Every structure is written in structure tokens, then in C-alpha cells.
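Raw my_file.pdb, PDB, C-alpha atoms:
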MODEL        1
ATOM      1  CA  MET W   1      29.177 -28.061 -31.158  1.00  0.00           C
ATOM      2  CA  GLY W   2      27.023 -25.294 -29.716  1.00  0.00           C
ATOM      3  CA  LYS W   3      24.175 -23.679 -31.599  1.00  0.00           C
ATOM      4  CA  ARG W   4      25.980 -20.487 -32.501  1.00  0.00           C
ATOM      5  CA  GLY W   5      23.265 -19.463 -34.948  1.00  0.00           C
ATOM      6  CA  TYR W   6      20.689 -19.035 -32.235  1.00  0.00           C
ATOM      7  CA  HIS W   7      23.104 -17.223 -29.943  1.00  0.00           C
ATOM      8  CA  HIS W   8      24.049 -14.496 -32.391  1.00  0.00           C
ATOM      9  CA  GLY W   9      20.459 -14.049 -33.509  1.00  0.00           C
ATOM     10  CA  ASN W  10      20.931 -14.449 -37.257  1.00  0.00           C
ATOM     11  CA  LEU W  11      20.796 -18.116 -38.126  1.00  0.00           C
ATOM     12  CA  ARG W  12      19.733 -17.421 -41.706  1.00  0.00           C
ATOM     13  CA  GLN W  13      22.887 -15.424 -42.418  1.00  0.00           C
ATOM     14  CA  ALA W  14      25.048 -17.912 -40.531  1.00  0.00           C
ATOM     15  CA  LEU W  15      23.792 -20.622 -42.891  1.00  0.00           C
ATOM     16  CA  VAL W  16      24.569 -18.463 -45.921  1.00  0.00           C
ATOM     17  CA  GLU W  17      28.107 -17.869 -44.645  1.00  0.00           C
ATOM     18  CA  ALA W  18      28.512 -21.602 -44.028  1.00  0.00           C
ATOM     19  CA  ALA W  19      27.273 -22.358 -47.537  1.00  0.00           C
ATOM     20  CA  LEU W  20      29.682 -19.842 -49.062  1.00  0.00           C
ATOM     21  CA  GLN W  21      32.622 -21.511 -47.352  1.00  0.00           C
ATOM     22  CA  LEU W  22      31.475 -24.962 -48.446  1.00  0.00           C
ATOM     23  CA  ILE W  23      30.899 -23.730 -52.005  1.00  0.00           C
ATOM     24  CA  GLU W  24      34.476 -22.473 -52.130  1.00  0.00           C
ATOM     25  CA  GLU W  25      35.817 -25.748 -50.751  1.00  0.00           C
ATOM     26  CA  LYS W  26      33.603 -28.297 -52.493  1.00  0.00           C
ATOM     27  CA  GLY W  27      31.664 -26.536 -55.230  1.00  0.00           C
ATOM     28  CA  PRO W  28      27.929 -25.777 -55.298  1.00  0.00           C
ATOM     29  CA  THR W  29      26.901 -29.433 -55.584  1.00  0.00           C
ATOM     30  CA  GLY W  30      29.586 -30.877 -53.326  1.00  0.00           C
ATOM     31  CA  PHE W  31      27.989 -30.286 -49.948  1.00  0.00           C
ATOM     32  CA  THR W  32      24.772 -31.174 -48.159  1.00  0.00           C
ATOM     33  CA  LEU W  33      22.393 -29.152 -46.040  1.00  0.00           C
ATOM     34  CA  SER W  34      23.528 -31.225 -43.085  1.00  0.00           C
ATOM     35  CA  GLU W  35      27.097 -30.027 -43.651  1.00  0.00           C
ATOM     36  CA  ALA W  36      25.933 -26.419 -43.852  1.00  0.00           C
ATOM     37  CA  ALA W  37      23.990 -26.881 -40.619  1.00  0.00           C
ATOM     38  CA  LYS W  38      26.991 -28.399 -38.890  1.00  0.00           C
ATOM     39  CA  GLN W  39      29.189 -25.549 -40.108  1.00  0.00           C
ATOM     40  CA  ALA W  40      26.695 -23.047 -38.697  1.00  0.00           C
ATOM     41  CA  GLY W  41      26.440 -24.968 -35.443  1.00  0.00           C
ATOM     42  CA  VAL W  42      22.780 -26.003 -35.632  1.00  0.00           C
ATOM     43  CA  THR W  43      20.782 -29.156 -36.281  1.00  0.00           C
ATOM     44  CA  PRO W  44      19.810 -30.030 -39.886  1.00  0.00           C
ATOM     45  CA  ALA W  45      16.150 -29.553 -38.999  1.00  0.00           C
ATOM     46  CA  ALA W  46      16.826 -25.914 -38.135  1.00  0.00           C
ATOM     47  CA  VAL W  47      17.859 -25.175 -41.730  1.00  0.00           C
ATOM     48  CA  TYR W  48      14.329 -25.770 -42.981  1.00  0.00           C
ATOM     49  CA  ARG W  49      13.015 -22.931 -40.866  1.00  0.00           C
ATOM     50  CA  HIS W  50      14.780 -20.600 -43.284  1.00  0.00           C
ATOM     51  CA  PHE W  51      15.406 -22.472 -46.541  1.00  0.00           C
ATOM     52  CA  ALA W  52      13.384 -24.983 -48.524  1.00  0.00           C
ATOM     53  CA  GLY W  53      16.511 -26.865 -49.541  1.00  0.00           C
ATOM     54  CA  ARG W  54      20.089 -26.551 -50.739  1.00  0.00           C
ATOM     55  CA  GLU W  55      19.149 -24.739 -53.948  1.00  0.00           C
ATOM     56  CA  ASP W  56      17.200 -22.177 -51.969  1.00  0.00           C
ATOM     57  CA  LEU W  57      20.234 -21.615 -49.741  1.00  0.00           C
ATOM     58  CA  ILE W  58      22.551 -21.233 -52.740  1.00  0.00           C
ATOM     59  CA  ALA W  59      20.068 -18.864 -54.397  1.00  0.00           C
ATOM     60  CA  GLU W  60      20.242 -16.611 -51.347  1.00  0.00           C
ATOM     61  CA  ALA W  61      24.039 -16.675 -51.503  1.00  0.00           C
ATOM     62  CA  ALA W  62      23.773 -15.710 -55.175  1.00  0.00           C
ATOM     63  CA  ARG W  63      21.333 -12.896 -54.399  1.00  0.00           C
ATOM     64  CA  GLN W  64      23.689 -11.442 -51.811  1.00  0.00           C
ATOM     65  CA  GLY W  65      26.533 -11.848 -54.279  1.00  0.00           C
ATOM     66  CA  TYR W  66      24.704  -9.822 -56.909  1.00  0.00           C
ATOM     67  CA  GLU W  67      24.113  -7.075 -54.355  1.00  0.00           C
ATOM     68  CA  ILE W  68      27.829  -6.898 -53.613  1.00  0.00           C
ATOM     69  CA  PHE W  69      28.630  -7.174 -57.319  1.00  0.00           C
ATOM     70  CA  ALA W  70      26.325  -4.270 -58.175  1.00  0.00           C
ATOM     71  CA  ASP W  71      27.946  -2.136 -55.476  1.00  0.00           C
ATOM     72  CA  VAL W  72      31.442  -3.005 -56.726  1.00  0.00           C
ATOM     73  CA  MET W  73      30.477  -2.193 -60.316  1.00  0.00           C
ATOM     74  CA  GLN W  74      28.793   1.049 -59.297  1.00  0.00           C
ATOM     75  CA  TYR W  75      31.827   2.123 -57.298  1.00  0.00           C
ATOM     76  CA  ALA W  76      34.096   1.415 -60.262  1.00  0.00           C
ATOM     77  CA  TYR W  77      31.781   3.283 -62.622  1.00  0.00           C
ATOM     78  CA  ASP W  78      31.587   6.317 -60.326  1.00  0.00           C
ATOM     79  CA  LYS W  79      35.331   6.331 -59.740  1.00  0.00           C
ATOM     80  CA  GLY W  80      35.976   6.491 -63.484  1.00  0.00           C
ATOM     81  CA  GLN W  81      33.801   9.569 -63.953  1.00  0.00           C
ATOM     82  CA  PRO W  82      33.698  12.007 -65.613  1.00  0.00           C
ATOM     83  CA  SER W  83      35.530  10.059 -68.327  1.00  0.00           C
ATOM     84  CA  ALA W  84      33.139   7.633 -70.056  1.00  0.00           C
ATOM     85  CA  LEU W  85      36.124   5.578 -71.237  1.00  0.00           C
ATOM     86  CA  ALA W  86      37.711   5.354 -67.786  1.00  0.00           C
ATOM     87  CA  ALA W  87      34.355   4.466 -66.219  1.00  0.00           C
ATOM     88  CA  PHE W  88      33.745   1.712 -68.752  1.00  0.00           C
ATOM     89  CA  GLU W  89      37.208   0.196 -68.415  1.00  0.00           C
ATOM     90  CA  ALA W  90      36.895   0.341 -64.618  1.00  0.00           C
ATOM     91  CA  THR W  91      33.730  -1.775 -64.680  1.00  0.00           C
ATOM     92  CA  GLY W  92      35.557  -4.458 -66.645  1.00  0.00           C
ATOM     93  CA  ARG W  93      38.349  -4.579 -64.099  1.00  0.00           C
ATOM     94  CA  ALA W  94      35.791  -4.624 -61.286  1.00  0.00           C
ATOM     95  CA  TYR W  95      34.388  -7.895 -62.630  1.00  0.00           C
ATOM     96  CA  LEU W  96      37.758  -9.583 -62.233  1.00  0.00           C
ATOM     97  CA  ALA W  97      38.303  -8.031 -58.804  1.00  0.00           C
ATOM     98  CA  PHE W  98      34.915  -9.252 -57.597  1.00  0.00           C
ATOM     99  CA  ALA W  99      35.565 -12.827 -58.732  1.00  0.00           C
ATOM    100  CA  ARG W 100      38.829 -12.876 -56.796  1.00  0.00           C
ATOM    101  CA  ARG W 101      37.539 -11.183 -53.655  1.00  0.00           C
ATOM    102  CA  TYR W 102      34.251 -13.084 -53.380  1.00  0.00           C
ATOM    103  CA  PRO W 103      34.796 -16.550 -54.888  1.00  0.00           C
ATOM    104  CA  GLY W 104      31.939 -18.196 -52.995  1.00  0.00           C
ATOM    105  CA  HIS W 105      29.439 -15.610 -54.161  1.00  0.00           C
ATOM    106  CA  TYR W 106      30.823 -15.731 -57.700  1.00  0.00           C
ATOM    107  CA  ILE W 107      30.393 -19.506 -57.896  1.00  0.00           C
ATOM    108  CA  ALA W 108      26.874 -19.308 -56.474  1.00  0.00           C
ATOM    109  CA  MET W 109      25.974 -16.656 -59.045  1.00  0.00           C
ATOM    110  CA  PHE W 110      27.557 -18.090 -62.179  1.00  0.00           C
ATOM    111  CA  GLU W 111      28.479 -21.738 -61.660  1.00  0.00           C
ATOM    112  CA  SER W 112      25.727 -23.234 -59.518  1.00  0.00           C
ATOM    113  CA  GLY W 113      23.053 -23.565 -62.172  1.00  0.00           C
ATOM    114  CA  ILE W 114      20.736 -21.269 -60.207  1.00  0.00           C
ATOM    115  CA  SER W 115      18.696 -19.146 -62.630  1.00  0.00           C
ATOM    116  CA  VAL W 116      18.580 -15.403 -62.104  1.00  0.00           C
ATOM    117  CA  ASN W 117      14.820 -15.868 -62.430  1.00  0.00           C
ATOM    118  CA  ASP W 118      14.756 -18.200 -59.421  1.00  0.00           C
ATOM    119  CA  SER W 119      12.975 -15.465 -57.496  1.00  0.00           C
ATOM    120  CA  PRO W 120      11.800 -11.898 -58.180  1.00  0.00           C
ATOM    121  CA  GLU W 121      14.405 -10.611 -55.723  1.00  0.00           C
ATOM    122  CA  LEU W 122      17.250 -12.404 -57.486  1.00  0.00           C
ATOM    123  CA  ALA W 123      16.029 -11.242 -60.903  1.00  0.00           C
ATOM    124  CA  GLN W 124      15.848  -7.645 -59.706  1.00  0.00           C
ATOM    125  CA  VAL W 125      19.289  -7.471 -58.150  1.00  0.00           C
ATOM    126  CA  SER W 126      20.974  -9.259 -61.072  1.00  0.00           C
ATOM    127  CA  ALA W 127      19.323  -6.852 -63.502  1.00  0.00           C
ATOM    128  CA  HIS W 128      20.606  -3.946 -61.416  1.00  0.00           C
ATOM    129  CA  ALA W 129      24.165  -5.289 -61.637  1.00  0.00           C
ATOM    130  CA  ARG W 130      23.921  -5.705 -65.411  1.00  0.00           C
ATOM    131  CA  GLY W 131      22.423  -2.255 -65.640  1.00  0.00           C
ATOM    132  CA  VAL W 132      25.580  -0.613 -64.316  1.00  0.00           C
ATOM    133  CA  LEU W 133      27.663  -2.053 -67.154  1.00  0.00           C
ATOM    134  CA  GLU W 134      24.966  -1.216 -69.696  1.00  0.00           C
ATOM    135  CA  ARG W 135      24.926   2.381 -68.485  1.00  0.00           C
ATOM    136  CA  ALA W 136      28.703   2.570 -68.813  1.00  0.00           C
ATOM    137  CA  ALA W 137      28.434   1.157 -72.347  1.00  0.00           C
ATOM    138  CA  ALA W 138      25.659   3.592 -73.249  1.00  0.00           C
ATOM    139  CA  ASP W 139      27.733   6.550 -72.039  1.00  0.00           C
ATOM    140  CA  LEU W 140      30.740   5.466 -74.049  1.00  0.00           C
ATOM    141  CA  SER W 141      28.794   4.579 -77.188  1.00  0.00           C
ATOM    142  CA  GLN W 142      27.594   8.171 -77.483  1.00  0.00           C
ATOM    143  CA  HIS W 143      30.981   8.798 -79.089  1.00  0.00           C
ATOM    144  CA  ILE W 144      30.102   6.416 -81.959  1.00  0.00           C
ATOM    145  CA  PRO W 145      28.106   7.697 -84.960  1.00  0.00           C
ATOM    146  CA  PRO W 146      24.474   6.583 -84.589  1.00  0.00           C
ATOM    147  CA  ASP W 147      24.532   4.453 -87.758  1.00  0.00           C
ATOM    148  CA  LYS W 148      27.514   2.476 -86.426  1.00  0.00           C
ATOM    149  CA  ARG W 149      26.500   2.365 -82.782  1.00  0.00           C
ATOM    150  CA  PRO W 150      25.731  -1.086 -81.338  1.00  0.00           C
ATOM    151  CA  PRO W 151      22.908  -1.364 -78.788  1.00  0.00           C
ATOM    152  CA  ALA W 152      24.227  -0.703 -75.296  1.00  0.00           C
ATOM    153  CA  SER W 153      22.945  -4.099 -74.165  1.00  0.00           C
ATOM    154  CA  MET W 154      24.987  -5.834 -76.890  1.00  0.00           C
ATOM    155  CA  PHE W 155      28.029  -3.662 -76.198  1.00  0.00           C
ATOM    156  CA  SER W 156      27.948  -4.474 -72.494  1.00  0.00           C
ATOM    157  CA  ALA W 157      27.189  -8.163 -73.127  1.00  0.00           C
ATOM    158  CA  HIS W 158      30.342  -8.462 -75.230  1.00  0.00           C
ATOM    159  CA  ILE W 159      32.485  -7.039 -72.435  1.00  0.00           C
ATOM    160  CA  TRP W 160      30.669  -9.120 -69.814  1.00  0.00           C
ATOM    161  CA  ALA W 161      31.391 -12.253 -71.865  1.00  0.00           C
ATOM    162  CA  LEU W 162      35.040 -11.265 -72.307  1.00  0.00           C
ATOM    163  CA  SER W 163      35.431 -10.582 -68.591  1.00  0.00           C
ATOM    164  CA  HIS W 164      33.682 -13.808 -67.660  1.00  0.00           C
ATOM    165  CA  GLY W 165      35.860 -15.819 -70.036  1.00  0.00           C
ATOM    166  CA  VAL W 166      39.076 -14.410 -68.588  1.00  0.00           C
ATOM    167  CA  VAL W 167      37.867 -15.171 -65.066  1.00  0.00           C
ATOM    168  CA  GLU W 168      36.762 -18.716 -65.874  1.00  0.00           C
ATOM    169  CA  LEU W 169      39.767 -19.715 -67.950  1.00  0.00           C
ATOM    170  CA  PHE W 170      42.641 -17.878 -66.344  1.00  0.00           C
ATOM    171  CA  ALA W 171      41.728 -16.312 -62.989  1.00  0.00           C
ATOM    172  CA  ARG W 172      40.203 -19.249 -61.118  1.00  0.00           C
ATOM    173  CA  ASN W 173      42.914 -21.875 -61.589  1.00  0.00           C
ATOM    174  CA  SER W 174      40.916 -24.047 -63.972  1.00  0.00           C
ATOM    175  CA  PRO W 175      42.483 -27.533 -64.172  1.00  0.00           C
ATOM    176  CA  GLY W 176      44.954 -27.877 -67.000  1.00  0.00           C
ATOM    177  CA  THR W 177      45.010 -24.210 -67.918  1.00  0.00           C
ATOM    178  CA  GLN W 178      47.730 -21.665 -67.427  1.00  0.00           C
ATOM    179  CA  ALA W 179      47.369 -18.032 -68.331  1.00  0.00           C
ATOM    180  CA  PRO W 180      49.932 -16.911 -70.913  1.00  0.00           C
ATOM    181  CA  PHE W 181      49.672 -13.451 -69.365  1.00  0.00           C
ATOM    182  CA  PRO W 182      48.279 -12.050 -66.120  1.00  0.00           C
ATOM    183  CA  PRO W 183      44.459 -12.061 -66.226  1.00  0.00           C
ATOM    184  CA  GLU W 184      44.384  -8.283 -65.754  1.00  0.00           C
ATOM    185  CA  ASP W 185      46.563  -7.830 -68.852  1.00  0.00           C
ATOM    186  CA  LEU W 186      44.438 -10.242 -70.876  1.00  0.00           C
ATOM    187  CA  LEU W 187      41.278  -8.412 -69.952  1.00  0.00           C
ATOM    188  CA  GLU W 188      42.685  -4.934 -70.522  1.00  0.00           C
ATOM    189  CA  SER W 189      44.154  -5.813 -73.918  1.00  0.00           C
ATOM    190  CA  GLY W 190      40.966  -7.597 -74.967  1.00  0.00           C
ATOM    191  CA  ILE W 191      38.833  -4.595 -74.066  1.00  0.00           C
ATOM    192  CA  GLY W 192      41.336  -2.412 -75.911  1.00  0.00           C
ATOM    193  CA  VAL W 193      41.000  -4.469 -79.105  1.00  0.00           C
ATOM    194  CA  TYR W 194      37.211  -4.279 -78.856  1.00  0.00           C
ATOM    195  CA  LEU W 195      37.143  -0.524 -78.277  1.00  0.00           C
ATOM    196  CA  ARG W 196      39.597   0.109 -81.111  1.00  0.00           C
ATOM    197  CA  GLY W 197      37.329  -1.854 -83.396  1.00  0.00           C
ATOM    198  CA  LEU W 198      34.518   0.540 -82.515  1.00  0.00           C
ATOM    199  CA  GLY W 199      36.801   3.554 -83.029  1.00  0.00           C
ATOM    200  CA  LEU W 200      36.560   4.584 -79.395  1.00  0.00           C
ATOM    201  CA  ILE W 201      40.293   4.637 -78.767  1.00  0.00           C
ATOM    202  CA  PRO W 202      43.008   5.388 -81.331  1.00  0.00           C
ATOM    203  CA  PRO W 203      44.928   2.555 -82.992  1.00  0.00           C
ATOM    204  CA  GLU W 204      48.287   1.610 -81.535  1.00  0.00           C
ATOM    205  CA  ASN W 205      51.303   2.963 -83.400  1.00  0.00           C
TER     206      ASN W 205
ENDMDL
END

Using the file provided, produce a representation of the structure as C-alpha cells.
Amino acid sequence: MGKRGYHHGNLRQALVEAALQLIEEKGPTGFTLSEAAKQAGVTPAAVYRHFAGREDLIAEAARQGYEIFADVMQYAYDKGQPSALAAFEATGRAYLAFARRYPGHYIAMFESGISVNDSPELAQVSAHARGVLERAAADLSQHIPPDKRPPASMFSAHIWALSHGVVELFARNSPGTQAPFPPEDLLESGIGVYLRGLGLIPPEN
């Protein structure tokens, strides 16, 4: 196998792409650096010119994932404007869409055991992604009386947890589980129940 990484001039990114494919196929702990090197078309020794080890490689995949995730969330938020409700609901759907479109990144971010504090860069980009949902929650919560208004960080954390649960249990083919309804419907109805509880959308007739 030829050393494609050197030929196209971006070995570091070639290794990340190789890792993402292996993560999808085998999980974040199911592959070795040697396998990633082989996938990228270089010798195992070449990997260490760019990454200290497998965790460092996965952390970079996670960092890139958070960058994409933040962009996806921001796009959804902007598309829902000027309606605070539409913008907020769009960010919830964007979470599910991201998990389906970028499974390797999603696993690296949320299922690899890599802490968001692994590096300052990872902490910064993950905070930016969370900040989009918090901003959407803050916009929407302005319609709640101040004495009944939850903190935006709590509001957004509830929806993040709901979205994450739907993805993990019903959108990623977890062994032994079968969604009683399409994941999109589960997420939308769950967000609806939550927002009705806060008085942000009218009760169903």
C-alpha cells in the first residue's frame, strides 16, 4: 500500500479520516493505531509525528466533530429565526440529524470516554456548541415569567439530555432496542411535553 498521506500533503487529516471510519466500524476502543496507519496508507511510526497515541487521535476527531456540530446547530438556530420557538425546536432536530450524518464524529464526541477538557481547544469548541442551544433556550425563556423561568443552562441541558437519549436508545440501532415510534416523532413530542409544562406552547385539545 502506498503512502497516500504523504502524497496528498495532509497526513494528519488522513489519519483522522481513517480513525473515523474505524470508529464507525469497530467502536472507539476497537482499533489500534497500526490499523489507522494502515488505513491511511502510512507506517505506524508516522502516526506519532502527529499524535501521541490513540486517545489523542480520537480527541482530534471529537474536536472536529464539535466544530461541525456547532455549525449544524447554528444553522438550525438561524433558520428558525425570527421565531424563538421555531429556532429552539430546530436545534433539537439538528442534534438528531448530526448523529445520523456524522456517526464517527458523534461516537468520538460522546461515546469514546474522551473528556471535553482533554485540551483547551476541545473545551472551547464544545462550549461553543452548547452555547448555541443555551442561546436558543434563553431566547425562548423570555416568554416565561421571571419567577417561573428556569436558568437557560438548565433549560438547554434538559433538551440536550432528551435529544441524546433518543439518539442513544432509538436512533443508533442499540442492541435489543426497537423504537416504538420514529426517533424524530419521539424527540418532537418529548420537546412538546416539556415546552407545554413551561407554558411556552398551548395545551393540546

Pick out the closest residue to Arg130 in chain W from this set: W:Leu85, W:Met154, W:Val193, W:Leu33. Count all atoms listed in the file.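 Smallest separation from Arg130 in chain W among the options: W:Met154.
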
Between W:Ala108, W:Leu11, W:Ala59, W:Ala86, which has the minimum distance to Pro28 in chain W (counting all atoms listed in the file)?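 So, comparing all the options, the nearest one is W:Ala108.
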
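All residues of protein, DNA or RNA that reach within 9 Å of range 164-167 of chain W, judged by all atoms listed in the file and not counting those fewer than 5 positions away in the chain, are Tyr95, Leu96, Ala99, Arg100, Ile159, Arg172, Pro183, Glu184, Leu186 and Leu187 of chain W.
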
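Nearest-residue note for Ile68 in chain W: choosing from W:Ala129, W:Val116, W:Ala19, W:Ile107, the minimum distance belongs to W:Ala129, counting only C-alpha atoms.
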
Can you list, as a list in words, every protein, DNA or RNA residue that comes within 10 Å of Arg63 in chain W when you count only C-alpha atoms, leaving out same-chain residues fewer than 5 positions away?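 Here the answer would be Leu57, Ile58, Ile68, Phe69, His105, Ala108, Met109, Val116, Asp118, Ser119, Glu121, Leu122, Ala123, Gln124, Val125 and Ser126 of chain W.
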
At what distance in Å, to one decimal, does CA of Tyr48 in chain W lie from CA of Glu35 in chain W? 13.5 Å

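Here the question is which of W:Ala127, W:Ile23, W:Ala14, W:Val72 gets nearest to Glu111 in chain W using only C-alpha atoms, and that residue is W:Ile23.
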
Target residues per the PyMOL selection byres ((chain W and resi 89) around 9), formatted as an NGL selection string: :W and (76-77 or 80 or 84-88 or 90-94 or 136 or 188 or 191-192)

Counting all atoms listed in the file, which of W:Ala70, W:Ala52, W:Gly104, W:Ala97 gets nearest to Glu25 in chain W?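 Of W:Ala70, W:Ala52, W:Gly104, W:Ala97, the one nearest Glu25 in chain W is W:Gly104, counting all atoms listed in the file.
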
Find, counting only C-alpha atoms, the residue in W:Ser156, W:Glu134, W:Phe51, W:Leu195 that gets nearest to Gln13 in chain W.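 For Gln13 in chain W, the nearest of the candidates is W:Phe51.
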
Show which residues sit within 8 Å of Tyr102 in chain W, as a list in words. Count all atoms listed in the file, and ignore same-chain residues fewer than 4 positions away.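 Those residues are Gly65, Phe98 and Tyr106 of chain W.
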
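Counting from CA of Ala138 in chain W, the distance to CA of Gly197 in chain W is 16.4 Å.
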
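The interatomic distance for the pair CA of His50 in chain W and CA of Pro120 in chain W works out to 17.5 Å.
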
Written as a list in words, what is the full residue list that the PyMOL selection byres ((chain W and resi 140-144) around 9) yields on the file shown?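 On the file shown, the PyMOL selection byres ((chain W and resi 140-144) around 9) covers Ser83, Ala84, Leu85, Ala87, Phe88, Arg135, Ala136, Ala137, Ala138, Asp139, Pro145, Pro146, Asp147, Lys148, Arg149, Pro150, Pro151, Ala152, Phe155, Leu198, Gly199 and Leu200 of chain W.
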
What does the PyMOL selection byres ((chain W and resi 37) around 12) select in this file, as a ChimeraX atom specification? /W:1-6,11-19,22,31-36,38-51,53-54,57

Based on the selection just made, write C-alpha atoms of those residues as an mmCIF file, in the coordinates of the input.
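Heads up, here's the output in out18.cif:
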data_model
loop_
_atom_site.group_PDB
_atom_site.id
_atom_site.type_symbol
_atom_site.label_atom_id
_atom_site.label_comp_id
_atom_site.auth_asym_id
_atom_site.auth_seq_id
_atom_site.Cartn_x
_atom_site.Cartn_y
_atom_site.Cartn_z
ATOM 1 C CA MET W 1 29.177 -28.061 -31.158
ATOM 2 C CA GLY W 2 27.023 -25.294 -29.716
ATOM 3 C CA LYS W 3 24.175 -23.679 -31.599
ATOM 4 C CA ARG W 4 25.980 -20.487 -32.501
ATOM 5 C CA GLY W 5 23.265 -19.463 -34.948
ATOM 6 C CA TYR W 6 20.689 -19.035 -32.235
ATOM 7 C CA LEU W 11 20.796 -18.116 -38.126
ATOM 8 C CA ARG W 12 19.733 -17.421 -41.706
ATOM 9 C CA GLN W 13 22.887 -15.424 -42.418
ATOM 10 C CA ALA W 14 25.048 -17.912 -40.531
ATOM 11 C CA LEU W 15 23.792 -20.622 -42.891
ATOM 12 C CA VAL W 16 24.569 -18.463 -45.921
ATOM 13 C CA GLU W 17 28.107 -17.869 -44.645
ATOM 14 C CA ALA W 18 28.512 -21.602 -44.028
ATOM 15 C CA ALA W 19 27.273 -22.358 -47.537
ATOM 16 C CA LEU W 22 31.475 -24.962 -48.446
ATOM 17 C CA PHE W 31 27.989 -30.286 -49.948
ATOM 18 C CA THR W 32 24.772 -31.174 -48.159
ATOM 19 C CA LEU W 33 22.393 -29.152 -46.040
ATOM 20 C CA SER W 34 23.528 -31.225 -43.085
ATOM 21 C CA GLU W 35 27.097 -30.027 -43.651
ATOM 22 C CA ALA W 36 25.933 -26.419 -43.852
ATOM 23 C CA LYS W 38 26.991 -28.399 -38.890
ATOM 24 C CA GLN W 39 29.189 -25.549 -40.108
ATOM 25 C CA ALA W 40 26.695 -23.047 -38.697
ATOM 26 C CA GLY W 41 26.440 -24.968 -35.443
ATOM 27 C CA VAL W 42 22.780 -26.003 -35.632
ATOM 28 C CA THR W 43 20.782 -29.156 -36.281
ATOM 29 C CA PRO W 44 19.810 -30.030 -39.886
ATOM 30 C CA ALA W 45 16.150 -29.553 -38.999
ATOM 31 C CA ALA W 46 16.826 -25.914 -38.135
ATOM 32 C CA VAL W 47 17.859 -25.175 -41.730
ATOM 33 C CA TYR W 48 14.329 -25.770 -42.981
ATOM 34 C CA ARG W 49 13.015 -22.931 -40.866
ATOM 35 C CA HIS W 50 14.780 -20.600 -43.284
ATOM 36 C CA PHE W 51 15.406 -22.472 -46.541
ATOM 37 C CA GLY W 53 16.511 -26.865 -49.541
ATOM 38 C CA ARG W 54 20.089 -26.551 -50.739
ATOM 39 C CA LEU W 57 20.234 -21.615 -49.741
#
